[in-house]
Each structure stands twice: as C-alpha cells, then as structure tokens.
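Here the structure is laid out as structure tokens; the discussion comes afterwards.
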Amino acid sequence: MRDAGAGLGYLVNGQRWVARHGRWFGFGLIPGLITLVVYAGALVGLGYGADDLASWATPFADGWSSPWLGLLRTTLTVLIFALGLFLAVITFTAVTLLVGQPFYESLSEEVDRAEGGEVPESGLPLWRELWISARDSVRILVRVALYAVLLFALGFIPVAGQTVVPVLGFCVTGYFLAEELTAVALQRRGMVLKERLVLLRSRRLLILGFGVPLGLAFLVPFVAVFLMPGAVAGATLLARDLVGPAAAADDDDADDGQGEGTAPSPSPYRVND
C-alpha cells in the first residue's frame, strides 16, 4: 500500500507544481478548454438529434400504436445520448492529449528542467509525434473497450457485480489514464507503448495510486479540464522516478565485458528498482 500512497503523492505534487508555476497552469488549460468546447457542442448536437436518430433507426415501429411507439423511441433516445456521454468521458483524456501534444510536451519538458537533470527530447517532427500519440491512444482505447465488455458481462453476477466489478472498473480506468498521461514524458525518453506497459505493470500499485483518484475526480463535470495541467506535471514526476537515464559508467562496464562485435543494448534507459 505504500506504493499506492506514493502514487497519490505524485498526483498531489503535480497539482502543487502547476500552482507554483501559474503561467504553465494557464498554458496547460488551453487544450482541455478546446476539447471541452468541441465535446460540449457535439453533445448538444446529439441531444437535439438523438430523437431523429432513434426514429431513423426504428422504421419498423412506425405503425405501432401509442404508447409503445413513444416508449420505444424515448428509451432509444436516452440510450443514444447515454452512449454518447460515455464515449465522451472515456475519450476526453486521449483527445485532449492529442490536441495538446505541443502544449503538454512543453509543460513536461519544463517540469524536467525545473526538477534538474536531463531534459530528454524526442527529436521527432510534430506530425510524427501526433501520429504516434493517435496510434497509441487508439490501441489503449481498444484495450479499455475489451475490459469494458468483460466487466459489463461480470456485472450480471449477483452481489459481486454490484460491488467488486465497479471497483475493478475504476482500477482499469485509472491504470490506463495513468498510462496515457505518463506517455507524454516516456515518449520523449524513447519508450514505445509495449515498453511503457511493461514498465507500468512492474509498479501496479504506484500507477493505481496515481490514476484511480484522478479517474474519480474526472467524473465531476469540468474538473478534468482544470486538473489536466497538474496531472501531466505529476505524471512527469512519476516518469522521472520510474525511468532514469542509463549511467555512463554502466555502459563502460558493459563494454569492458564485450567483444568488438557485440552490439550494445538498444535501450538508453533503465528501470529503477
């Protein structure tokens, strides 16, 4: 449980960091506000058009008598809007990170710079970084969707479905939320998605301690927008302690034991114990 408490500490320290650096807090709000406006517009449009969509999807019910026609289409309208709201919640962070890639890259670099030590840079053009972020976000969302289907099925189990399964759902949400946020700092350190997932699995309680409270906070409307800058800062602090630059001495020692034809390890980073 000590790791879980440490994870929460990174989240709190990230919020403190942006509170001490007000300019970067305002800078980090911009992507979230842009995404919020887009999502709000989409949900308003869905709210106005959900009934038309329900009518279009149920032409077979046109001849039904009252109240069955109204009951069917009202129920379907509510389900369509609920599905749209669910998709908005689970995709908000991924879309915000994609929209805010340049903003959050700069914020993460500034955290590294302020905390001292190496300030890694990806060295990739912006379009390449955006492509990698979009591709990895889709892969993460596919994983989340698979877990969602499994948890939905488990939800029909008496008692456990109403107690254990919701807790597992929050853990899954928090875990992948932490993955998306730490990706900003870890991608700059040259780590691909597979390597990041292996790294996070090695410290599950630490990652859950960071991601689960954040996921719970994100359930409150508009809170996600204001917590995102601090979440990125906290995830960078977390990534700094999870992954450190390989010491030159370690490389020298490894070279002493290798022949000229032996290739060095391709990873420039090591996982801290």
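Just so we're on the same page: first chain in the structure tokens is A, next is B, and so on; residues restart at 1 for each chain, and ligands are numbered from 1 in the order they show up.
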
Tell me which protein, DNA and RNA residues are within 8 Å of Tyr10 in chain A, counting only C-alpha atoms, leaving out same-chain ones fewer than 5 positions away, and put them as a compact mmCIF listing (two decimals) with all heavy atoms, in the first residue's frame.
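Once everything was written out, this is around15.txt:
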```txt
# COMPACT_ATOMS: atom_id res chain seq x y z
N PHE A 210 -1.86 6.68 -8.47
CA PHE A 210 -1.89 7.93 -9.24
C PHE A 210 -3.16 8.04 -10.07
O PHE A 210 -3.82 9.08 -10.08
CB PHE A 210 -0.67 7.98 -10.16
CG PHE A 210 -0.61 9.21 -11.03
CD1 PHE A 210 -0.01 10.37 -10.57
CD2 PHE A 210 -1.15 9.20 -12.31
CE1 PHE A 210 0.03 11.51 -11.36
CE2 PHE A 210 -1.11 10.32 -13.11
CZ PHE A 210 -0.51 11.49 -12.64
N GLY A 234 2.40 15.90 -12.71
CA GLY A 234 2.58 14.78 -11.79
C GLY A 234 3.03 13.52 -12.49
O GLY A 234 3.86 12.77 -11.97
N ALA A 235 2.49 13.26 -13.68
CA ALA A 235 2.90 12.09 -14.46
C ALA A 235 4.36 12.20 -14.88
O ALA A 235 5.07 11.19 -14.95
CB ALA A 235 2.00 11.93 -15.68
N LEU A 237 6.71 13.79 -13.11
CA LEU A 237 7.46 13.49 -11.89
C LEU A 237 7.49 11.98 -11.64
O LEU A 237 8.52 11.42 -11.25
CB LEU A 237 6.82 14.20 -10.70
CG LEU A 237 6.84 15.73 -10.73
CD1 LEU A 237 6.02 16.29 -9.56
CD2 LEU A 237 8.27 16.26 -10.67
N LEU A 238 6.37 11.33 -11.89
CA LEU A 238 6.30 9.87 -11.73
C LEU A 238 7.21 9.17 -12.72
O LEU A 238 7.96 8.25 -12.35
CB LEU A 238 4.85 9.42 -11.93
CG LEU A 238 4.56 7.92 -11.94
CD1 LEU A 238 5.01 7.27 -10.64
CD2 LEU A 238 3.09 7.66 -12.18
```

For Pro229 in chain A: contacts at 7 Å, only C-alpha atoms, fewer than 6 positions along chain excluded, given as a PDB file with all heavy atoms, in the first residue's frame:
```pdb
ATOM      1  N   VAL A  18       2.085  23.000 -10.709  1.00  0.00           N
ATOM      2  CA  VAL A  18       1.460  23.973 -11.598  1.00  0.00           C
ATOM      3  C   VAL A  18       0.903  25.151 -10.804  1.00  0.00           C
ATOM      4  O   VAL A  18       0.793  26.268 -11.327  1.00  0.00           O
ATOM      5  CB  VAL A  18       0.357  23.338 -12.471  1.00  0.00           C
ATOM      6  CG1 VAL A  18       0.950  22.340 -13.440  1.00  0.00           C
ATOM      7  CG2 VAL A  18      -0.739  22.698 -11.619  1.00  0.00           C
ATOM      8  N   PHE A  25       0.289  26.645 -15.666  1.00  0.00           N
ATOM      9  CA  PHE A  25      -1.065  26.152 -15.414  1.00  0.00           C
ATOM     10  C   PHE A  25      -2.026  26.699 -16.470  1.00  0.00           C
ATOM     11  O   PHE A  25      -2.804  25.959 -17.064  1.00  0.00           O
ATOM     12  CB  PHE A  25      -1.527  26.571 -14.018  1.00  0.00           C
ATOM     13  CG  PHE A  25      -2.962  26.222 -13.733  1.00  0.00           C
ATOM     14  CD1 PHE A  25      -3.355  24.909 -13.553  1.00  0.00           C
ATOM     15  CD2 PHE A  25      -3.922  27.222 -13.647  1.00  0.00           C
ATOM     16  CE1 PHE A  25      -4.686  24.589 -13.289  1.00  0.00           C
ATOM     17  CE2 PHE A  25      -5.251  26.915 -13.388  1.00  0.00           C
ATOM     18  CZ  PHE A  25      -5.635  25.593 -13.210  1.00  0.00           C
ATOM     19  N   GLY A  28      -1.354  25.094 -19.784  1.00  0.00           N
ATOM     20  CA  GLY A  28      -1.841  23.721 -19.864  1.00  0.00           C
ATOM     21  C   GLY A  28      -3.357  23.610 -19.909  1.00  0.00           C
ATOM     22  O   GLY A  28      -3.891  22.547 -20.257  1.00  0.00           O
ATOM     23  N   LEU A  29      -4.070  24.692 -19.581  1.00  0.00           N
ATOM     24  CA  LEU A  29      -5.536  24.671 -19.640  1.00  0.00           C
ATOM     25  C   LEU A  29      -6.057  24.743 -21.073  1.00  0.00           C
ATOM     26  O   LEU A  29      -7.172  24.295 -21.355  1.00  0.00           O
ATOM     27  CB  LEU A  29      -6.116  25.851 -18.854  1.00  0.00           C
ATOM     28  CG  LEU A  29      -6.137  25.759 -17.336  1.00  0.00           C
ATOM     29  CD1 LEU A  29      -6.720  27.035 -16.755  1.00  0.00           C
ATOM     30  CD2 LEU A  29      -6.936  24.554 -16.858  1.00  0.00           C
TER      31      LEU A  29
END
```

Using only C-alpha atoms, find each residue in range 172-246 of chain A having at least one atom no more than 9 Å away from range 82-97 of chain A; report its shortest atom-to-atom pair and that distance in Å (one decimal), rows by chain then rising number, as JSON lines.
```
{"residue": "A:Thr173", "atom": "CA", "partner": "A:Ile90", "partner_atom": "CA", "distance": 8.3}
{"residue": "A:Leu177", "atom": "CA", "partner": "A:Thr93", "partner_atom": "CA", "distance": 7.5}
{"residue": "A:Glu180", "atom": "CA", "partner": "A:Ala94", "partner_atom": "CA", "distance": 6.9}
{"residue": "A:Leu181", "atom": "CA", "partner": "A:Leu97", "partner_atom": "CA", "distance": 7.9}
{"residue": "A:Val184", "atom": "CA", "partner": "A:Leu97", "partner_atom": "CA", "distance": 8.3}
{"residue": "A:Phe218", "atom": "CA", "partner": "A:Val89", "partner_atom": "CA", "distance": 8.3}
{"residue": "A:Leu219", "atom": "CA", "partner": "A:Val89", "partner_atom": "CA", "distance": 7.9}
{"residue": "A:Ala224", "atom": "CA", "partner": "A:Thr93", "partner_atom": "CA", "distance": 8.1}
{"residue": "A:Val225", "atom": "CA", "partner": "A:Thr96", "partner_atom": "CA", "distance": 9.0}
{"residue": "A:Met228", "atom": "CA", "partner": "A:Thr93", "partner_atom": "CA", "distance": 8.4}
```
